[in-house]
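Below is the file data_4.txt, which contains compact mmCIF, C-alpha atoms and all ligand atoms.
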# COMPACT_ATOMS: atom_id res chain seq x y z
CA MET A 1 227.92 -66.00 63.86
CA THR A 2 228.68 -63.93 60.78
CA LEU A 3 230.42 -60.60 60.95
CA ALA A 4 230.94 -58.41 57.90
CA PHE A 5 232.37 -54.97 57.47
CA ASP A 6 233.80 -52.68 54.82
CA VAL A 7 237.55 -52.44 54.99
CA ALA A 8 237.89 -48.97 53.51
CA PRO A 9 235.63 -46.44 55.25
CA ASP A 10 235.54 -46.10 59.00
CA ARG A 11 231.85 -46.72 59.40
CA ILE A 12 229.51 -49.47 60.42
CA VAL A 13 228.31 -51.57 57.51
CA ASP A 14 226.89 -54.39 59.56
CA LYS A 15 225.69 -57.92 59.47
CA LEU A 16 225.24 -60.67 57.00
CA THR A 17 226.41 -60.16 53.47
CA ASN A 18 225.86 -62.81 50.87
CA SER A 19 226.23 -63.09 47.18
CA ASP A 20 228.80 -60.48 46.27
CA PHE A 21 231.71 -62.54 47.49
CA THR A 22 234.20 -62.99 44.66
CA MET A 23 237.29 -64.98 45.34
CA THR A 24 240.27 -63.54 43.51
CA ASP A 25 243.03 -65.67 44.73
CA LYS A 26 242.96 -68.83 46.79
CA THR A 27 241.27 -70.45 49.72
CA LEU A 28 243.40 -71.69 52.59
CA ILE A 29 242.31 -74.18 55.21
CA VAL A 30 244.22 -74.30 58.49
CA SER A 31 243.54 -76.25 61.66
CA ALA A 32 244.85 -76.37 65.22
CA PRO A 33 244.28 -78.91 67.99
CA GLY A 34 242.69 -78.52 71.40
CA LYS A 35 244.51 -79.73 74.48
CA VAL A 36 244.21 -81.29 77.88
CA ILE A 37 246.29 -80.13 80.80
CA LEU A 38 247.45 -83.14 82.82
CA HIS A 39 248.70 -80.99 85.69
CA GLY A 40 249.55 -77.35 86.34
CA GLU A 41 246.47 -75.39 85.24
CA HIS A 42 246.26 -72.02 87.03
CA ALA A 43 249.63 -72.58 88.76
CA VAL A 44 251.23 -72.12 85.32
CA VAL A 45 249.83 -68.58 85.15
CA HIS A 46 251.98 -67.85 88.22
CA GLY A 47 255.19 -69.25 86.77
CA LYS A 48 254.82 -72.91 87.80
CA VAL A 49 255.24 -76.00 85.60
CA ALA A 50 252.37 -77.41 83.54
CA LEU A 51 252.19 -80.61 81.48
CA ALA A 52 249.82 -80.53 78.52
CA VAL A 53 249.02 -82.73 75.53
CA SER A 54 247.20 -81.99 72.30
CA LEU A 55 243.90 -83.63 71.44
CA ASN A 56 242.63 -85.17 68.24
CA LEU A 57 239.80 -82.62 68.26
CA ARG A 58 240.56 -79.60 66.09
CA THR A 59 239.41 -76.14 65.08
CA TYR A 60 239.30 -75.50 61.31
CA LEU A 61 239.56 -72.12 59.64
CA GLN A 62 238.90 -71.46 55.97
CA ILE A 63 240.05 -68.13 54.59
CA GLY A 64 239.38 -66.77 51.11
CA LEU A 65 240.94 -63.57 49.85
CA CYS A 66 238.54 -61.54 47.75
CA SER A 67 238.22 -58.15 46.07
CA ASN A 68 234.83 -56.91 47.20
CA GLY A 69 236.24 -54.46 49.75
CA ARG A 70 234.79 -56.39 52.64
CA VAL A 71 235.76 -58.60 55.51
CA GLN A 72 233.37 -61.28 56.61
CA ILE A 73 233.83 -63.75 59.44
CA ASN A 74 231.45 -66.59 60.09
CA LEU A 75 231.61 -68.35 63.49
CA PRO A 76 228.88 -71.00 63.47
CA ASN A 77 229.85 -72.52 66.84
CA ILE A 78 228.87 -69.41 68.72
CA ASP A 79 225.81 -68.02 66.99
CA THR A 80 225.08 -64.51 65.73
CA TRP A 81 226.54 -61.13 66.37
CA ILE A 82 225.86 -57.58 65.22
CA ILE A 83 228.65 -55.95 63.39
CA THR A 84 231.25 -53.31 63.81
CA PRO A 85 233.90 -52.27 61.30
CA GLY A 86 237.55 -53.28 61.47
CA LYS A 87 240.35 -51.01 62.44
CA ARG A 88 244.02 -50.89 61.68
CA THR A 89 246.18 -51.14 64.80
CA THR A 90 249.93 -51.08 65.08
CA ASN A 91 251.83 -54.13 63.89
CA GLN A 92 253.39 -54.89 67.25
CA LEU A 93 253.60 -58.09 69.20
CA THR A 94 252.38 -56.38 72.33
CA THR A 95 248.88 -55.32 73.21
CA SER A 96 248.69 -51.94 74.88
CA GLN A 97 245.68 -51.23 77.05
CA GLU A 98 245.09 -48.10 74.98
CA GLN A 99 244.84 -50.10 71.74
CA VAL A 100 242.47 -52.59 73.30
CA ASP A 101 240.32 -49.84 74.77
CA LYS A 102 240.07 -48.21 71.33
CA LEU A 103 239.08 -51.53 69.77
CA ARG A 104 236.50 -52.17 72.47
CA GLN A 105 235.01 -48.74 71.92
CA PHE A 106 235.03 -49.28 68.17
CA ALA A 107 233.26 -52.67 68.49
CA GLY A 108 230.96 -51.55 71.29
CA ILE A 109 232.32 -54.14 73.75
CA PRO A 110 232.40 -52.97 77.38
CA ASP A 111 235.51 -53.48 79.51
CA GLY A 112 235.40 -56.65 81.63
CA CYS A 113 232.93 -58.29 79.21
CA VAL A 114 233.22 -62.11 79.19
CA ASP A 115 230.53 -62.70 76.60
CA THR A 116 231.56 -65.47 74.19
CA ARG A 117 230.81 -63.57 71.00
CA SER A 118 232.29 -60.27 72.12
CA LEU A 119 235.57 -61.94 73.04
CA ALA A 120 235.74 -63.85 69.76
CA ILE A 121 235.10 -60.65 67.81
CA LEU A 122 237.60 -58.62 69.82
CA CYS A 123 240.25 -61.29 69.25
CA PHE A 124 239.56 -61.37 65.51
CA LEU A 125 239.46 -57.56 65.13
CA TYR A 126 242.71 -57.21 67.00
CA LEU A 127 244.60 -59.88 65.07
CA TYR A 128 243.16 -58.76 61.72
CA GLY A 129 244.01 -55.10 62.34
CA ALA A 130 247.45 -55.70 63.82
CA ILE A 131 248.67 -58.38 61.41
CA SER A 132 247.39 -56.39 58.42
CA ALA A 133 248.92 -53.15 59.70
CA SER A 134 252.00 -53.59 57.53
CA SER A 135 249.90 -54.02 54.35
CA ARG A 136 249.32 -50.96 52.18
CA GLN A 137 245.61 -51.71 52.17
CA LEU A 138 243.53 -53.67 54.65
CA PRO A 139 242.82 -56.95 52.86
CA SER A 140 239.37 -58.08 51.89
CA MET A 141 238.57 -61.61 52.99
CA GLU A 142 235.98 -64.14 53.97
CA ILE A 143 236.70 -66.36 56.99
CA LEU A 144 234.86 -69.35 58.35
CA VAL A 145 235.86 -70.94 61.67
CA TRP A 146 234.34 -74.20 62.82
CA SER A 147 235.47 -76.40 65.69
CA GLU A 148 235.10 -79.96 66.88
CA LEU A 149 235.94 -78.66 70.36
CA PRO A 150 233.27 -77.63 72.82
CA THR A 151 233.57 -73.87 73.29
CA GLY A 152 234.63 -72.69 76.74
CA ALA A 153 234.89 -76.16 78.29
CA GLY A 154 238.56 -76.37 79.26
CA LEU A 155 239.90 -78.00 76.09
CA GLY A 156 241.70 -74.94 74.75
CA SER A 157 239.05 -73.79 72.27
CA SER A 158 240.17 -70.16 72.62
CA ALA A 159 243.78 -71.05 71.90
CA ALA A 160 242.89 -73.21 68.88
CA TYR A 161 240.80 -70.27 67.58
CA SER A 162 243.63 -67.76 68.14
CA VAL A 163 246.26 -70.06 66.62
CA CYS A 164 244.13 -70.65 63.50
CA LEU A 165 243.47 -66.91 63.10
CA ALA A 166 247.15 -66.03 63.56
CA ALA A 167 248.32 -68.70 61.09
CA ALA A 168 245.73 -67.79 58.45
CA LEU A 169 246.16 -64.02 58.71
CA LEU A 170 249.97 -64.21 58.71
CA THR A 171 249.87 -66.50 55.66
CA ALA A 172 247.34 -64.32 53.82
CA ASN A 173 249.50 -61.29 54.55
CA GLU A 174 252.65 -63.14 53.36
CA SER A 175 254.38 -62.55 56.69
CA ILE A 176 255.03 -66.29 56.65
CA ALA A 177 255.30 -68.66 53.70
CA CYS A 178 252.33 -70.41 52.24
CA PRO A 179 253.62 -73.98 52.03
CA VAL A 180 251.79 -75.99 49.41
CA PRO A 181 250.29 -79.21 50.71
CA GLU A 182 250.42 -82.14 48.36
CA GLU A 183 247.17 -83.52 47.02
CA ASN A 184 245.53 -85.23 50.01
CA GLY A 185 248.24 -83.73 52.18
CA THR A 186 248.84 -81.53 55.16
CA VAL A 187 251.88 -79.30 55.74
CA ARG A 188 253.29 -77.35 58.64
CA TRP A 189 255.29 -74.15 58.75
CA ALA A 190 259.02 -73.80 59.50
CA GLU A 191 260.06 -73.49 63.15
CA ASP A 192 260.62 -69.70 63.08
CA GLU A 193 257.21 -69.25 61.44
CA LEU A 194 255.58 -71.41 64.11
CA GLU A 195 257.18 -69.17 66.70
CA LEU A 196 255.63 -66.11 65.04
CA ILE A 197 252.21 -67.81 64.86
CA ASN A 198 252.50 -68.71 68.54
CA LYS A 199 253.41 -65.14 69.53
CA TRP A 200 250.43 -63.66 67.69
CA ALA A 201 248.11 -66.36 69.05
CA PHE A 202 249.28 -65.43 72.54
CA GLN A 203 248.14 -61.85 71.85
CA GLY A 204 244.76 -63.23 70.80
CA GLU A 205 244.58 -65.32 73.98
CA LYS A 206 245.32 -62.18 76.02
CA LEU A 207 242.16 -60.60 74.66
CA ILE A 208 240.10 -63.68 75.49
CA HIS A 209 241.71 -64.71 78.80
CA GLY A 210 243.08 -61.50 80.22
CA ASN A 211 246.21 -63.11 81.66
CA PRO A 212 247.07 -66.35 79.84
CA SER A 213 250.21 -68.31 80.62
CA GLY A 214 250.74 -69.22 76.96
CA VAL A 215 250.56 -72.99 77.49
CA ASP A 216 247.35 -73.47 75.49
CA ASN A 217 248.53 -71.58 72.39
CA ALA A 218 251.88 -73.43 72.57
CA VAL A 219 250.06 -76.78 72.37
CA GLY A 220 247.81 -75.45 69.58
CA THR A 221 250.91 -74.40 67.64
CA TRP A 222 253.27 -77.35 68.21
CA GLY A 223 250.90 -80.15 69.15
CA GLY A 224 252.15 -83.29 70.93
CA ALA A 225 253.03 -83.33 74.62
CA LEU A 226 254.88 -80.50 76.28
CA LYS A 227 256.14 -79.11 79.51
CA TYR A 228 255.58 -75.39 79.94
CA HIS A 229 257.42 -73.32 82.48
CA ALA A 230 257.61 -69.52 82.68
CA GLY A 231 257.21 -69.10 78.92
CA LYS A 232 259.62 -71.93 78.08
CA ILE A 233 258.22 -74.70 75.92
CA MET A 234 259.87 -78.11 76.21
CA PRO A 235 258.62 -81.08 74.19
CA LEU A 236 258.00 -84.16 76.33
CA ASN A 237 259.50 -87.06 74.47
CA ARG A 238 259.32 -89.68 77.18
CA ILE A 239 255.64 -90.18 77.73
CA PRO A 240 253.71 -93.40 77.29
CA THR A 241 250.53 -93.68 75.27
CA LEU A 242 248.04 -92.56 77.88
CA ARG A 243 244.42 -93.68 77.88
CA ILE A 244 242.23 -90.81 79.00
CA LEU A 245 238.50 -90.60 79.46
CA LEU A 246 237.33 -87.07 78.77
CA THR A 247 234.09 -85.83 80.33
CA ASN A 248 232.28 -82.59 79.59
CA THR A 249 230.02 -81.60 82.47
CA LYS A 250 228.51 -79.01 80.09
CA VAL A 251 228.56 -76.46 82.91
CA PRO A 252 229.58 -73.19 81.23
CA ARG A 253 232.37 -71.11 82.68
CA SER A 254 234.85 -68.46 81.66
CA THR A 255 238.60 -69.00 81.83
CA LYS A 256 239.08 -65.25 82.18
CA THR A 257 236.89 -65.07 85.30
CA LEU A 258 238.44 -68.16 86.89
CA VAL A 259 242.02 -67.01 86.27
CA ALA A 260 241.18 -63.62 87.76
CA GLY A 261 239.62 -65.34 90.81
CA VAL A 262 242.81 -67.30 91.55
CA LYS A 263 244.88 -64.13 91.26
CA ASP A 264 242.61 -62.38 93.78
CA LYS A 265 242.92 -65.30 96.22
CA LEU A 266 246.70 -65.34 95.84
CA ASN A 267 246.88 -61.59 96.47
CA LYS A 268 244.61 -61.91 99.48
CA PHE A 269 246.30 -64.98 101.05
CA PRO A 270 249.82 -65.18 99.57
CA SER A 271 251.22 -67.39 102.30
CA ILE A 272 248.27 -69.80 102.05
CA ILE A 273 247.73 -70.03 98.29
CA GLY A 274 251.42 -69.66 97.33
CA PRO A 275 252.42 -73.04 98.86
CA ILE A 276 249.51 -74.73 97.08
CA LEU A 277 250.76 -73.44 93.75
CA ASN A 278 254.23 -74.72 94.69
CA SER A 279 252.74 -78.09 95.49
CA ILE A 280 250.99 -78.17 92.09
CA ASP A 281 254.37 -77.39 90.52
CA ALA A 282 255.87 -80.36 92.38
CA ILE A 283 252.99 -82.56 91.20
CA SER A 284 253.74 -81.68 87.56
CA CYS A 285 257.43 -82.53 88.06
CA GLU A 286 256.61 -85.81 89.84
CA CYS A 287 254.17 -86.69 87.08
CA GLU A 288 256.83 -86.05 84.43
CA ARG A 289 259.28 -88.34 86.27
CA THR A 290 256.63 -91.04 86.66
CA LEU A 291 255.69 -90.92 82.98
CA ALA A 292 259.37 -91.31 82.08
CA ALA A 293 259.61 -94.29 84.47
CA ILE A 294 256.68 -95.95 82.69
CA VAL A 295 258.39 -95.47 79.32
CA ALA A 296 261.55 -96.98 80.82
CA GLY A 297 259.48 -100.01 81.88
CA ASP A 298 259.98 -99.45 85.63
CA SER A 299 257.28 -101.07 87.74
CA THR A 300 254.31 -99.90 85.71
CA GLU A 301 251.74 -100.92 88.34
CA GLU A 302 253.33 -98.76 90.99
CA SER A 303 253.83 -95.89 88.57
CA TYR A 304 250.15 -95.86 87.64
CA ALA A 305 249.27 -95.85 91.33
CA VAL A 306 251.47 -92.75 91.72
CA LEU A 307 249.81 -91.05 88.74
CA GLU A 308 246.40 -91.73 90.28
CA GLU A 309 247.43 -90.33 93.62
CA LEU A 310 248.81 -87.19 91.98
CA ILE A 311 245.49 -86.68 90.21
CA ASP A 312 243.60 -86.92 93.51
CA ILE A 313 245.93 -84.51 95.32
CA ASN A 314 245.81 -81.97 92.52
CA GLN A 315 242.02 -82.10 92.30
CA HIS A 316 241.89 -81.20 96.00
CA HIS A 317 244.33 -78.34 95.45
CA LEU A 318 242.25 -77.01 92.56
CA ASN A 319 239.20 -77.03 94.82
CA VAL A 320 241.13 -75.11 97.46
CA ILE A 321 242.16 -72.37 95.02
CA GLY A 322 238.50 -71.94 94.08
CA VAL A 323 238.22 -73.46 90.61
CA GLY A 324 236.26 -76.61 91.48
CA HIS A 325 232.56 -77.10 90.89
CA SER A 326 229.91 -79.47 92.24
CA SER A 327 229.57 -80.96 88.72
CA LEU A 328 233.26 -81.86 88.84
CA ASP A 329 232.94 -83.30 92.36
CA ARG A 330 230.17 -85.56 91.07
CA LEU A 331 232.36 -86.59 88.13
CA CYS A 332 235.20 -87.57 90.50
CA GLN A 333 232.82 -89.47 92.80
CA ALA A 334 231.20 -91.36 89.91
CA THR A 335 234.52 -92.55 88.51
CA ALA A 336 235.90 -93.34 92.00
CA LEU A 337 233.07 -95.88 92.34
CA HIS A 338 234.86 -97.76 89.53
CA SER A 339 238.29 -97.21 91.14
CA LEU A 340 239.18 -94.57 88.56
CA HIS A 341 240.80 -91.21 89.35
CA SER A 342 239.70 -87.88 87.88
CA LYS A 343 240.52 -84.21 88.01
CA LEU A 344 239.31 -81.10 86.23
CA THR A 345 241.31 -79.98 83.21
CA GLY A 346 241.80 -76.44 81.93
CA ALA A 347 240.31 -73.61 83.91
CA GLY A 348 237.74 -75.67 85.85
CA GLY A 349 234.56 -74.16 87.32
CA GLY A 350 232.61 -76.75 85.30
CA GLY A 351 233.75 -77.64 81.80
CA CYS A 352 235.78 -80.84 81.35
CA GLY A 353 237.48 -83.38 83.57
CA ILE A 354 239.97 -86.13 82.74
CA THR A 355 239.95 -89.66 84.09
CA LEU A 356 243.11 -91.74 83.83
CA LEU A 357 242.61 -95.27 82.52
CA ARG A 358 245.28 -97.89 83.05
CA PRO A 359 246.55 -99.82 80.02
CA ASP A 360 244.60 -102.82 81.33
CA THR A 361 241.43 -101.06 82.50
CA SER A 362 238.77 -103.38 81.20
CA PRO A 363 236.20 -102.30 78.60
CA SER A 364 233.43 -103.19 81.06
CA VAL A 365 234.78 -100.70 83.65
CA VAL A 366 235.12 -98.01 80.97
CA GLU A 367 231.60 -98.67 79.71
CA ALA A 368 230.09 -98.67 83.21
CA SER A 369 231.82 -95.36 84.03
CA LYS A 370 230.70 -93.80 80.77
CA ARG A 371 227.14 -94.94 81.41
CA ALA A 372 227.15 -93.43 84.90
CA LEU A 373 228.50 -90.14 83.57
CA ASN A 374 226.04 -90.06 80.68
CA ASP A 375 223.22 -90.70 83.15
CA MET A 376 224.32 -87.55 84.98
CA GLY A 377 223.87 -85.62 81.71
CA TYR A 378 227.59 -85.42 80.89
CA ASP A 379 229.24 -86.15 77.54
CA CYS A 380 231.99 -88.70 77.90
CA TRP A 381 234.42 -90.30 75.48
CA GLU A 382 237.79 -92.07 75.48
CA THR A 383 240.14 -89.78 73.63
CA ASN A 384 243.25 -89.94 71.51
CA ILE A 385 245.95 -87.53 72.48
CA GLY A 386 248.93 -86.19 70.56
CA GLY A 387 247.28 -84.47 67.57
CA HIS A 388 249.73 -82.53 65.33
CA GLY A 389 250.08 -78.78 65.75
CA VAL A 390 248.77 -76.00 63.50
CA SER A 391 248.65 -77.22 59.90
CA LEU A 392 247.66 -76.16 56.43
CA HIS A 393 245.43 -78.58 54.54
CA SER A 394 244.63 -79.36 50.95
CA PRO A 395 240.84 -79.59 50.78
CA SER A 396 241.10 -83.26 49.80
CA SER A 397 243.13 -84.08 52.93
CA LEU A 398 240.24 -83.23 55.24
CA GLN A 399 238.13 -85.98 56.69
CA ARG A 400 234.97 -86.29 54.65
CA ASP A 401 232.63 -85.12 57.38
CA VAL A 402 234.75 -82.02 58.09
CA SER A 403 235.04 -81.19 54.40
CA GLN A 404 231.30 -81.59 53.84
CA LEU A 405 230.54 -79.41 56.82
CA LEU A 406 232.86 -76.61 55.70
CA THR A 407 231.31 -76.73 52.22
CA ARG A 408 227.81 -76.60 53.63
CA LEU A 409 228.67 -73.70 55.93
CA THR A 410 230.37 -71.83 53.05
CA ASP A 411 227.29 -72.31 50.88
CA CYS A 412 225.10 -70.89 53.66
CA GLN A 413 227.15 -67.69 53.91
N1 LIG B 501 234.97 -72.07 67.44
C1 LIG B 501 234.99 -70.85 67.96
N2 LIG B 501 234.48 -69.82 67.28
C2 LIG B 501 234.53 -68.57 67.81
N3 LIG B 501 235.04 -68.27 69.01
C3 LIG B 501 235.56 -69.26 69.74
C4 LIG B 501 235.56 -70.59 69.25
N4 LIG B 501 236.14 -71.36 70.19
C5 LIG B 501 236.46 -70.54 71.22
N5 LIG B 501 236.12 -69.28 70.95
C6 LIG B 501 236.33 -68.10 71.84
O1 LIG B 501 236.99 -68.56 73.00
C7 LIG B 501 236.20 -68.34 74.18
C8 LIG B 501 236.31 -69.53 75.11
O2 LIG B 501 237.54 -69.44 75.70
P1 LIG B 501 237.85 -69.95 77.16
O3 LIG B 501 239.29 -69.74 77.33
O4 LIG B 501 236.92 -69.34 78.14
O5 LIG B 501 237.54 -71.52 77.09
P2 LIG B 501 238.44 -72.71 76.53
O6 LIG B 501 239.60 -72.14 75.79
O7 LIG B 501 237.55 -73.62 75.79
O8 LIG B 501 238.91 -73.42 77.86
P3 LIG B 501 240.37 -73.38 78.58
O9 LIG B 501 240.93 -72.00 78.38
O10 LIG B 501 240.08 -73.65 80.01
O11 LIG B 501 241.14 -74.45 77.93
C9 LIG B 501 234.78 -68.18 73.67
O12 LIG B 501 234.08 -67.33 74.57
C10 LIG B 501 235.00 -67.52 72.31
O13 LIG B 501 235.16 -66.14 72.48
C1 LIG B 502 243.71 -71.94 83.63
C2 LIG B 502 244.88 -71.98 82.67
O1 LIG B 502 246.05 -72.32 83.41
C3 LIG B 502 244.71 -73.05 81.62
C4 LIG B 502 243.52 -72.92 80.76
O2 LIG B 502 243.53 -73.97 79.81
C5 LIG B 502 245.04 -70.60 82.05
C6 LIG B 502 246.36 -70.43 81.33
O3 LIG B 502 247.32 -71.15 81.56
O4 LIG B 502 246.42 -69.48 80.50
MG MG B 503 240.96 -70.78 76.71

So that I can check it, write out the structure of this file as structure tokens.
Ligand SMILES: Nc1ncnc2c1ncn2[C@@H]1O[C@H](COP(=O)(O)OP(=O)(O)OP(=O)(O)O)[C@@H](O)[C@H]1O
Ligand SMILES: C[C@@](O)(CCO)CC(=O)[O-]
Ligand SMILES: [Mg+2]
Amino acid sequence: MTLAFDVAPDRIVDKLTNSDFTMTDKTLIVSAPGKVILHGEHAVVHGKVALAVSLNLRTYLQIGLCSNGRVQINLPNIDTWIITPGKRTTNQLTTSQEQVDKLRQFAGIPDGCVDTRSLAILCFLYLYGAISASSRQLPSMEILVWSELPTGAGLGSSAAYSVCLAAALLTANESIACPVPEENGTVRWAEDELELINKWAFQGEKLIHGNPSGVDNAVGTWGGALKYHAGKIMPLNRIPTLRILLTNTKVPRSTKTLVAGVKDKLNKFPSIIGPILNSIDAISCECERTLAAIVAGDSTEESYAVLEELIDINQHHLNVIGVGHSSLDRLCQATALHSLHSKLTGAGGGGCGITLLRPDTSPSVVEASKRALNDMGYDCWETNIGGHGVSLHSPSSLQRDVSQLLTRLTDCQ
């Protein structure tokens, strides 16, 4: 998707612009990781504990400042969009309904819309307008966002997108420093700057999700493993290297819709759904204790059995609160045939599931499970967790395939 608009006049310029892009200053490349939630999705929106870890799959954003009086954003993962101009909003770390309504009107996006492109555009327009509000002039820039993450599949693609946008726009606007990565290197921002990135990314998530807990943008910003509770972010230092099989059912769903559905159920049946959310909270806490026991070397066999049981219980809870899906049931059944335990991850309703592998799960069991899942039409891969948080890259530090892709996409603009 490519969006372009004039930054000066308040009028629609529209669609693809090409050759008149002239870079005056520098190009920045930032990236942020996706995540998996081990336990606590949905419950965390209602103040319960969640445990989440970053993935090695990342979203990349390239931003070039220019002097052609235009803003152009290219989002190849999600196709094409027709354009609306940008708008200055107030530079405040809160999103008022009035501001959002004005932006929606401006971009022609109806209220309650969950369309992928509309939400991505709304998020960009908001962050661009609000972060640039302190500048004398709205900056002219060209942005390209490309992700290794499947969009809208439970792996935090919206948060990685928001974190990248916040980091790039704050850096371009000099609200945070522009650390210089060494040749072939990657750098991160200082802690207070990460906090600012995270706060802005949370505003972006609000536009995409409606009512996010903040856990996904926290993982996108800090990376690693963390415990999230009522807005408090606590790094998890005592977790073993977990082997996780990640499966994408490829059933599309919207986090915004699913989160709203759980809220409705909770409002309708507080004394029925409330205790389930409390139980999910207890599962997260028990999981944290069990992970620490594994690190301490306490009866690993038994600890893994506990982790497996917690996964099964939570998957049932998630079904009860209405975020399961028949594709996820089939995933759980297929892995259970190989004595493996699975649950949905992220918002559910389709999207991705995680399957816990033991340190000694044999390659033949993993291969047989993957084959069964592939035969059902799912994508499935054993993943590495613990990717670093939002980072700034020198072009030469990027993996060759990522670098080539960004170059190719830039050339196509
Ligand atoms: N690479 C991308 N380019 C543009 N927009 C993106 C990109 N990745 C995500 N988005 C935006 O995020 C939305 C998907 O967010 P959603 O929260 O529904 O799914 P998710 O973040 O992948 O899953 P979860 O929130 O369960 O972890 C898309 O509709 C789109 O608006
Ligand atoms: C479903 C949810 O709990 C996790 C989505 O990855 C929503 C949120 O925490 O914002
Ligand atoms: Mg999301």

**Q.** Minimum-distance residue to Lys199 of chain A, chosen among A:Leu242, A:Ile276, A:Leu127, A:Leu236 (using all atoms listed in the file)
**A.**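 The answer is A:Leu127, which sits nearest to Lys199 of chain A.
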
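With only C-alpha atoms as the atoms that count, the minimum distance from Ser147 of chain A to the choices A:Thr59, A:Thr345, A:Asn68, A:Ser394 is reached by A:Thr59.
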
Q) From the list A:Val145, A:Leu119, A:Leu194, A:Leu266, which residue is nearest ligand MG 503 (chain B) when using all atoms listed in the file? A)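 Nearest to ligand MG 503 (chain B): A:Leu119.
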
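For the pair atom CA of Leu51 of chain A and atom CA of Ser339 of chain A, the separation is 23.7 Å.
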
Q. Counting only C-alpha atoms, what is within 12 Å of Ala43 of chain A, bar same-chain residues fewer than 3 positions away, as a VMD selection string?
A. chain A and resid 37 39 to 40 46 to 51 212 to 213 215 228 to 230 259 262 to 263 266 273 to 284 314 317 to 318 321 323 346 to 347

Q: Please identify the residues whose atoms come within 9 Å of ligand MG 503 (chain B), using all atoms listed in the file, and report them as a PyMOL selection string.
A: chain A and resi 151-160+205+208-209+212+216-217+254-256+346-347

Q) What gap, in Å, lies between atom CA of Leu165 of chain A and atom CA of Gly204 of chain A? A)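 Atom CA of Leu165 of chain A sits 8.6 Å away from atom CA of Gly204 of chain A.
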
Q: Quick one: everything within 10 Å of Lys370 of chain A, counting all atoms listed in the file, minus sequence neighbours fewer than 6 positions away in the same chain. Send it as a VMD selection string.
A: chain A and resid 245 to 247 334 to 335 364 376 378 to 382

Q. In Å, with one decimal, what is the gap from atom CA of Leu310 of chain A to atom CA of Ser362 of chain A?
A.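 Rounded to one decimal, the two atoms are 21.9 Å apart.
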
Q.
Using all atoms listed in the file for the distances, tell me which of A:Ser326, A:Ser342, A:Ser135, A:Ser391 is nearest to Ile313 of chain A.
A. A:Ser342

Q: Go through A:Leu103, A:Val53, A:Leu258, A:Leu328 one by one, measure the shortest atom-to-atom distance of each to ligand LIG 502 (chain B) using all atoms listed in the file, and give the residue with the smallest value.
A: A:Leu258

Q.
Neighbouring residues of Glu195 of chain A were defined as those with any atom within 10 Å, considering all atoms listed in the file; residues of the same chain fewer than 5 positions away were excluded. Please report them as a ChimeraX atom specification.
A. /A:189-190,200-201,218,221-222

Q | Pick from A:Cys66, A:Leu406, A:Leu149, A:Leu340, whichever lies nearest to ligand LIG 501 (chain B) using all atoms listed in the file | A |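 Using all atoms listed in the file, the shortest distance to ligand LIG 501 (chain B) belongs to A:Leu149.
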
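Residues with any atom within 10 Å of Gly185 of chain A, counting all atoms listed in the file and excluding same-chain neighbours fewer than 6 positions away, are Leu392, His393, Ser394, Pro395, Ser396, Ser397 and Leu398 of chain A.
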
Test item: residues at most 8 Å from Tyr60 of chain A, only C-alpha atoms, excluding those fewer than 6 positions along its chain, as a short mmCIF file (atom, residue, chain, number, x, y, z; two decimals) with C-alpha atoms, keeping the file's coordinate frame:
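What ended up in around30.cif:
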data_model
loop_
_atom_site.label_atom_id
_atom_site.label_comp_id
_atom_site.auth_asym_id
_atom_site.auth_seq_id
_atom_site.Cartn_x
_atom_site.Cartn_y
_atom_site.Cartn_z
CA ILE A 29 242.31 -74.18 55.21
CA VAL A 30 244.22 -74.30 58.49
CA SER A 31 243.54 -76.25 61.66
CA ALA A 32 244.85 -76.37 65.22
CA VAL A 145 235.86 -70.94 61.67
CA TRP A 146 234.34 -74.20 62.82
CA SER A 147 235.47 -76.40 65.69
CA CYS A 164 244.13 -70.65 63.50
#

Q: Please work out which residues fall within 8 Å of (247.9, -96.5, 84.7), coordinates as given in the file, with only C-alpha atoms counting, and return them as a PyMOL selection string.
A: chain A and resi 242+300-301+303-305+307-308+356-360

Where is the centre and how long are the edges: axis-aligned box on ligand LIG 501 (chain B), 8 Å on each side, Å to one decimal, as lines of an AutoDock Vina configuration file:
center_x = 237.6
center_y = -70.3
center_z = 73.6
size_x = 23.1
size_y = 24.3
size_z = 28.7
